[in-house]
>>> print(open('coords03.pdb').read())   # PDB, C-alpha atoms
ATOM      1  CA  MET A 143      25.641  15.863   6.676
ATOM      2  CA  ALA A 144      23.283  17.357   4.116
ATOM      3  CA  THR A 145      19.632  17.574   5.045
ATOM      4  CA  SER A 146      16.782  17.303   2.574
ATOM      5  CA  ASN A 147      14.100  19.937   2.561
ATOM      6  CA  LEU A 148      10.678  18.508   1.802
ATOM      7  CA  LEU A 149       8.762  21.464   3.210
ATOM      8  CA  SER A 150       8.895  25.156   2.510
ATOM      9  CA  LEU A 151       5.649  26.507   3.946
ATOM     10  CA  ASN A 152       4.717  30.012   2.864
ATOM     11  CA  ILE A 153       1.067  30.906   3.371
ATOM     12  CA  PRO A 154       0.289  34.397   2.054
ATOM     13  CA  ASP A 155      -0.860  36.853   4.744
ATOM     14  CA  GLN A 156      -4.269  37.323   3.122
ATOM     15  CA  ASP A 157      -4.869  33.550   3.054
ATOM     16  CA  LEU A 158      -3.658  33.234   6.640
ATOM     17  CA  ASN A 159      -6.017  36.011   7.783
ATOM     18  CA  GLU A 160      -8.957  34.296   6.063
ATOM     19  CA  ILE A 161      -7.987  30.904   7.517
ATOM     20  CA  GLU A 162      -7.726  32.334  11.027
ATOM     21  CA  GLY A 163     -11.073  34.094  10.523
ATOM     22  CA  ALA A 164     -12.674  30.815   9.470
ATOM     23  CA  ILE A 165     -11.201  29.075  12.515
ATOM     24  CA  ASN A 166     -12.528  31.847  14.765
ATOM     25  CA  THR A 167     -15.956  31.450  13.169
ATOM     26  CA  LEU A 168     -15.873  27.688  13.717
ATOM     27  CA  GLU A 169     -14.844  28.186  17.321
ATOM     28  CA  SER A 170     -17.436  30.857  18.108
ATOM     29  CA  ARG A 171     -20.302  29.087  16.314
ATOM     30  CA  LEU A 172     -19.554  25.438  17.049
ATOM     31  CA  MET A 173     -17.920  25.282  20.479
ATOM     32  CA  PRO A 174     -21.006  26.474  22.414
ATOM     33  CA  HIS A 175     -22.805  23.364  21.142
ATOM     34  CA  LEU A 176     -20.036  20.880  21.944
ATOM     35  CA  LYS A 177     -19.103  19.122  25.157
ATOM     36  CA  ASN A 178     -15.625  18.657  26.601
ATOM     37  CA  LEU A 179     -14.941  15.558  28.685
ATOM     38  CA  SER A 180     -12.286  15.100  31.305
ATOM     39  CA  PRO A 181      -9.773  12.294  30.743
ATOM     40  CA  GLU A 182     -11.555  10.276  33.431
ATOM     41  CA  GLU A 183     -14.941  10.809  31.779
ATOM     42  CA  ARG A 184     -13.467   9.700  28.439
ATOM     43  CA  ARG A 185     -12.165   6.503  30.036
ATOM     44  CA  ASN A 186     -15.411   5.663  31.810
ATOM     45  CA  ILE A 187     -18.112   6.229  29.188
ATOM     46  CA  LEU A 188     -19.419   3.620  26.766
ATOM     47  CA  LYS A 189     -17.778   3.826  23.342
ATOM     48  CA  LEU A 190     -19.896   3.513  20.212
ATOM     49  CA  GLY A 191     -18.231   1.837  17.232
ATOM     50  CA  ASP A 192     -19.533   1.225  13.721
ATOM     51  CA  LYS A 193     -21.114  -2.122  14.639
ATOM     52  CA  SER A 194     -22.634  -0.612  17.767
ATOM     53  CA  VAL A 195     -24.364   2.098  15.718
ATOM     54  CA  ALA A 196     -26.235  -0.539  13.760
ATOM     55  CA  PHE A 197     -27.114  -2.260  17.056
ATOM     56  CA  VAL A 198     -28.562   0.946  18.541
ATOM     57  CA  GLU A 199     -30.455   1.791  15.357
ATOM     58  CA  ARG A 200     -31.959  -1.721  15.223
ATOM     59  CA  ALA A 201     -33.007  -1.488  18.902
ATOM     60  CA  ARG A 202     -34.693   1.859  18.151
ATOM     61  CA  ASP A 203     -36.384   0.407  15.069
ATOM     62  CA  TRP A 204     -37.785  -2.491  17.112
ATOM     63  CA  VAL A 205     -39.249  -0.114  19.686
ATOM     64  CA  LYS A 206     -40.737   2.100  17.001
ATOM     65  CA  GLU A 207     -42.355  -0.898  15.315
ATOM     66  CA  TYR A 208     -43.428  -2.539  18.579
ATOM     67  CA  PRO A 209     -43.955   0.198  21.212
ATOM     68  CA  GLN A 210     -44.874  -2.391  23.846
ATOM     69  CA  LEU A 211     -41.162  -3.398  23.835
ATOM     70  CA  LYS A 212     -40.031   0.050  25.047
ATOM     71  CA  PRO A 213     -38.846  -0.176  28.634
ATOM     72  CA  PRO A 214     -40.443   2.302  31.061
ATOM     73  CA  TYR A 215     -37.081   4.015  31.602
ATOM     74  CA  GLY A 216     -36.346   4.368  27.867
ATOM     75  CA  ASP A 217     -36.565   7.730  26.113
ATOM     76  CA  LEU A 218     -36.995   7.168  22.390
ATOM     77  CA  GLU A 219     -37.027  10.896  21.637
ATOM     78  CA  GLU A 220     -33.631  11.365  23.337
ATOM     79  CA  LEU A 221     -32.262   8.318  21.545
ATOM     80  CA  ASP A 222     -33.283   9.836  18.206
ATOM     81  CA  LYS A 223     -31.667  13.169  19.192
ATOM     82  CA  ASP A 224     -28.441  11.402  20.196
ATOM     83  CA  LEU A 225     -28.300   9.415  16.948
ATOM     84  CA  LYS A 226     -28.966  12.580  14.929
ATOM     85  CA  ALA A 227     -26.265  14.469  16.883
ATOM     86  CA  MET A 228     -23.837  11.617  16.408
ATOM     87  CA  LYS A 229     -24.370  11.576  12.637
ATOM     88  CA  LEU A 230     -24.060  15.373  12.408
ATOM     89  CA  VAL A 231     -20.865  15.550  14.470
ATOM     90  CA  ASN A 232     -19.414  12.588  12.586
ATOM     91  CA  ARG A 233     -20.116  14.351   9.280
ATOM     92  CA  LEU A 234     -18.454  17.562  10.523
ATOM     93  CA  LEU A 235     -15.511  15.644  11.924
ATOM     94  CA  ARG A 236     -14.996  13.741   8.664
ATOM     95  CA  SER A 237     -15.087  17.005   6.704
ATOM     96  CA  ILE A 238     -12.296  18.580   8.787
ATOM     97  CA  GLU A 239     -10.291  15.388   9.275
ATOM     98  CA  PRO A 240      -8.200  15.885   6.089
ATOM     99  CA  ILE A 241      -7.368  19.427   7.243
ATOM    100  CA  PHE A 242      -6.408  18.199  10.714
ATOM    101  CA  ASN A 243      -4.296  15.381   9.244
ATOM    102  CA  GLY A 244      -2.606  17.811   6.852
ATOM    103  CA  LEU A 245      -1.808  20.211   9.703
ATOM    104  CA  GLU A 246      -0.509  17.386  11.866
ATOM    105  CA  ASP A 247       1.623  15.915   9.062
ATOM    106  CA  THR A 248       2.996  19.346   8.135
ATOM    107  CA  LEU A 249       3.868  20.018  11.785
ATOM    108  CA  LEU A 250       5.588  16.635  12.009
ATOM    109  CA  LEU A 251       7.552  17.247   8.809
ATOM    110  CA  ALA A 252       8.544  20.807   9.764
ATOM    111  CA  GLY A 253       9.682  19.582  13.177
ATOM    112  CA  SER A 254      11.618  16.714  11.636
ATOM    113  CA  GLU A 255      13.399  18.992   9.205
ATOM    114  CA  ALA A 256      14.179  21.576  11.901
ATOM    115  CA  TYR A 257      15.486  18.877  14.239
ATOM    116  CA  ALA A 258      17.657  17.325  11.496
ATOM    117  CA  GLU A 259      19.103  20.747  10.710
ATOM    118  CA  GLY A 260      19.739  21.412  14.406
ATOM    119  CA  LEU A 261      21.508  18.063  14.734
ATOM    120  CA  ALA A 262      23.644  18.895  11.694
ATOM    121  CA  TYR A 263      24.645  22.206  13.289
ATOM    122  CA  TYR A 264      25.417  20.453  16.563
ATOM    123  CA  SER A 265      27.674  17.939  14.810
ATOM    124  CA  TYR A 266      29.428  20.738  12.952
ATOM    125  CA  PHE A 267      29.929  22.753  16.168
ATOM    126  CA  LYS A 268      31.410  19.662  17.819
ATOM    127  CA  ALA A 269      33.916  19.175  14.989
ATOM    128  CA  ALA A 270      34.641  22.920  14.868
ATOM    129  CA  ALA A 271      35.278  22.946  18.632
ATOM    130  CA  LYS A 272      37.854  20.165  18.207
ATOM    131  CA  ALA A 273      39.479  22.264  15.468
ATOM    132  CA  LYS A 274      39.527  25.269  17.842
ATOM    133  CA  VAL A 275      37.286  27.465  15.637
ATOM    134  CA  ASP A 276      36.347  30.695  17.457
ATOM    135  CA  ASN A 277      33.102  30.397  19.490
ATOM    136  CA  ALA A 278      32.556  26.792  18.385
ATOM    137  CA  GLU A 279      33.357  25.285  21.775
ATOM    138  CA  GLU A 280      30.940  27.644  23.510
ATOM    139  CA  ALA A 281      28.212  26.835  20.959
ATOM    140  CA  TYR A 282      28.877  23.096  21.249
ATOM    141  CA  HIS A 283      28.755  23.084  25.061
ATOM    142  CA  ASP A 284      25.639  25.225  25.090
ATOM    143  CA  LEU A 285      23.830  22.812  22.767
ATOM    144  CA  LYS A 286      25.226  19.738  24.487
ATOM    145  CA  ARG A 287      23.083  20.575  27.533
ATOM    146  CA  TRP A 288      19.947  20.286  25.427
ATOM    147  CA  PHE A 289      20.945  17.315  23.298
ATOM    148  CA  PRO A 290      18.583  14.363  23.888
ATOM    149  CA  GLY A 291      20.183  11.799  26.156
ATOM    150  CA  GLY A 292      22.738  14.297  27.338
ATOM    151  CA  SER A 293      22.927  15.837  30.741
ATOM    152  CA  SER A 294      20.539  18.714  31.290
ATOM    153  CA  LYS A 295      22.954  20.142  33.847
ATOM    154  CA  VAL A 296      26.200  21.810  32.959
ATOM    155  CA  SER A 297      29.192  20.145  34.606
ATOM    156  CA  LYS A 298      31.737  22.131  36.615
ATOM    157  CA  ASN A 299      34.335  21.685  33.841
ATOM    158  CA  GLU A 300      31.862  22.966  31.214
ATOM    159  CA  LYS A 301      31.055  26.014  33.363
ATOM    160  CA  GLU A 302      34.751  26.784  33.693
ATOM    161  CA  SER A 303      35.371  26.404  29.971
ATOM    162  CA  LEU A 304      32.421  28.701  29.201
ATOM    163  CA  ALA A 305      33.562  31.361  31.667
TER     164      ALA A 305
END
>>> encode(input="coords03.pdb", output="structure tokens")
Amino acid sequence: MATSNLLSLNIPDQDLNEIEGAINTLESRLMPHLKNLSPEERRNILKLGDKSVAFVERARDWVKEYPQLKPPYGDLEELDKDLKAMKLVNRLLRSIEPIFNGLEDTLLLAGSEAYAEGLAYYSYFKAAAKAKVDNAEEAYHDLKRWFPGGSSKVSKNEKESLA
């Protein structure tokens, strides 16, 4: 089974050092300003979608135009800060989104190619073991333990054949 190779990643060391430096800068400069939520907090907070942004902005505009409509518990200054923060973070997120997607897609492709190659080796080892090629049976049985859907435990017969 021939595998196709769509990826051959080779980032020069100098580029990699600069990339890692830029990531370190982002982390050291940006992370102190960001918040991290627990999974439970993420589930339980209100979510703001595109239509909801317009809703919030219109509510703010009404209060700014007619201050008598502002409820006593409302904080217009905090609302403006939150909207400004939301727009800023959204802009930053959109600017790094193509990089994140490219990293994620490259990771997926590299993993796919590595897995396909590993499966090809496994199939070859299996056939080589049947043909009694030296070390093929040991390699096949070793990999068989890790093969998806296979047993993660080595059977007594496999242990004896490996010994």
>>> atom_distance(input="coords03.pdb", atom1="CA of Arg202 (chain A)", atom2="CA of Asn232 (chain A)")
19.5 Å
>>> resolve_selection(input="coords03.pdb", expression="the PyMOL selection byres ((chain A and resi 219-229) around 10)", output="PyMOL selection string")
chain A and resi 190+195+198-199+202+216-218+230-235
>>> closest_residue(input="coords03.pdb", among="A:Trp288, A:Glu183, A:Leu151, A:Leu176", to="Leu245 (chain A)", atoms="all atoms listed in the file")
A:Leu151
>>> residues_around(input="coords03.pdb", residues="Tyr282 (chain A)", least_positions_apart="3", cutoff="10 Å", atoms="all atoms listed in the file", output="count of residues only")
16
>>> atom_distance(input="coords03.pdb", atom1="CA of Glu162 (chain A)", atom2="CA of Leu250 (chain A)")
20.6 Å
>>> axis_aligned_box(input="coords03.pdb", around="region 242-251 of chain A", padding_each_side="5 Å", output="JSON")
{"center_x": 0.6, "center_y": 17.8, "center_z": 9.4, "size_x": 24.0, "size_y": 14.8, "size_z": 15.2}
>>> atom_distance(input="coords03.pdb", atom1="CA of Gly253 (chain A)", atom2="CA of Ser146 (chain A)")
13.0 Å
>>> decode(input="coords03.pdb", residues="region 203-278 of chain A", atoms="C-alpha atoms", output="tab-separated table (two decimals), in the first residue's frame")
chain	number	residue	atom	x	y	z
A	203	ASP	CA	-27.48	53.78	22.56
A	204	TRP	CA	-31.00	54.15	23.99
A	205	VAL	CA	-29.63	54.79	27.48
A	206	LYS	CA	-27.10	57.29	26.18
A	207	GLU	CA	-29.81	59.17	24.28
A	208	TYR	CA	-32.38	58.90	27.08
A	209	PRO	CA	-30.53	58.68	30.43
A	210	GLN	CA	-33.81	58.41	32.33
A	211	LEU	CA	-34.13	54.88	30.85
A	212	LYS	CA	-30.96	53.65	32.61
A	213	PRO	CA	-31.87	51.27	35.40
A	214	PRO	CA	-30.40	52.10	38.82
A	215	TYR	CA	-28.32	48.90	38.76
A	216	GLY	CA	-26.92	49.55	35.26
A	217	ASP	CA	-23.32	50.63	34.74
A	218	LEU	CA	-22.99	52.29	31.35
A	219	GLU	CA	-19.25	52.87	31.78
A	220	GLU	CA	-18.65	49.14	32.38
A	221	LEU	CA	-20.87	48.26	29.44
A	222	ASP	CA	-18.76	50.50	27.20
A	223	LYS	CA	-15.55	48.89	28.56
A	224	ASP	CA	-16.93	45.40	27.93
A	225	LEU	CA	-17.99	46.25	24.37
A	226	LYS	CA	-14.58	47.82	23.69
A	227	ALA	CA	-12.81	44.76	25.16
A	228	MET	CA	-14.99	42.45	23.12
A	229	LYS	CA	-14.17	44.26	19.88
A	230	LEU	CA	-10.44	44.34	20.69
A	231	VAL	CA	-10.24	40.65	21.60
A	232	ASN	CA	-12.34	39.73	18.57
A	233	ARG	CA	-9.95	41.68	16.33
A	234	LEU	CA	-6.92	39.94	17.87
A	235	LEU	CA	-8.59	36.55	17.64
A	236	ARG	CA	-9.50	37.07	13.98
A	237	SER	CA	-5.91	38.09	13.20
A	238	ILE	CA	-4.46	34.87	14.66
A	239	GLU	CA	-7.27	32.59	13.53
A	240	PRO	CA	-5.64	31.79	10.14
A	241	ILE	CA	-2.41	30.88	11.97
A	242	PHE	CA	-4.29	28.67	14.43
A	243	ASN	CA	-6.24	27.01	11.61
A	244	GLY	CA	-3.04	26.45	9.64
A	245	LEU	CA	-1.33	24.89	12.67
A	246	GLU	CA	-4.34	22.70	13.37
A	247	ASP	CA	-4.67	21.58	9.74
A	248	THR	CA	-0.94	20.89	9.48
A	249	LEU	CA	-1.07	18.84	12.70
A	250	LEU	CA	-4.05	16.90	11.36
A	251	LEU	CA	-2.32	16.24	8.03
A	252	ALA	CA	1.00	15.25	9.63
A	253	GLY	CA	-0.83	12.90	11.99
A	254	SER	CA	-2.84	11.41	9.15
A	255	GLU	CA	0.24	10.78	7.06
A	256	ALA	CA	2.16	9.30	10.01
A	257	TYR	CA	-0.78	7.05	10.91
A	258	ALA	CA	-1.19	5.87	7.30
A	259	GLU	CA	2.52	5.06	7.14
A	260	GLY	CA	2.33	3.22	10.47
A	261	LEU	CA	-0.64	1.20	9.22
A	262	ALA	CA	1.28	0.33	6.05
A	263	TYR	CA	4.21	-0.91	8.15
A	264	TYR	CA	1.85	-2.91	10.34
A	265	SER	CA	0.28	-4.59	7.31
A	266	TYR	CA	3.71	-5.37	5.91
A	267	PHE	CA	4.91	-6.81	9.24
A	268	LYS	CA	1.81	-9.01	9.35
A	269	ALA	CA	2.48	-10.39	5.87
A	270	ALA	CA	6.21	-10.74	6.63
A	271	ALA	CA	5.39	-12.65	9.84
A	272	LYS	CA	3.29	-15.12	7.82
A	273	ALA	CA	6.26	-15.52	5.46
A	274	LYS	CA	8.53	-16.17	8.47
A	275	VAL	CA	10.80	-13.14	7.83
A	276	ASP	CA	13.25	-12.66	10.73
A	277	ASN	CA	11.90	-10.36	13.49
A	278	ALA	CA	8.65	-9.74	11.61
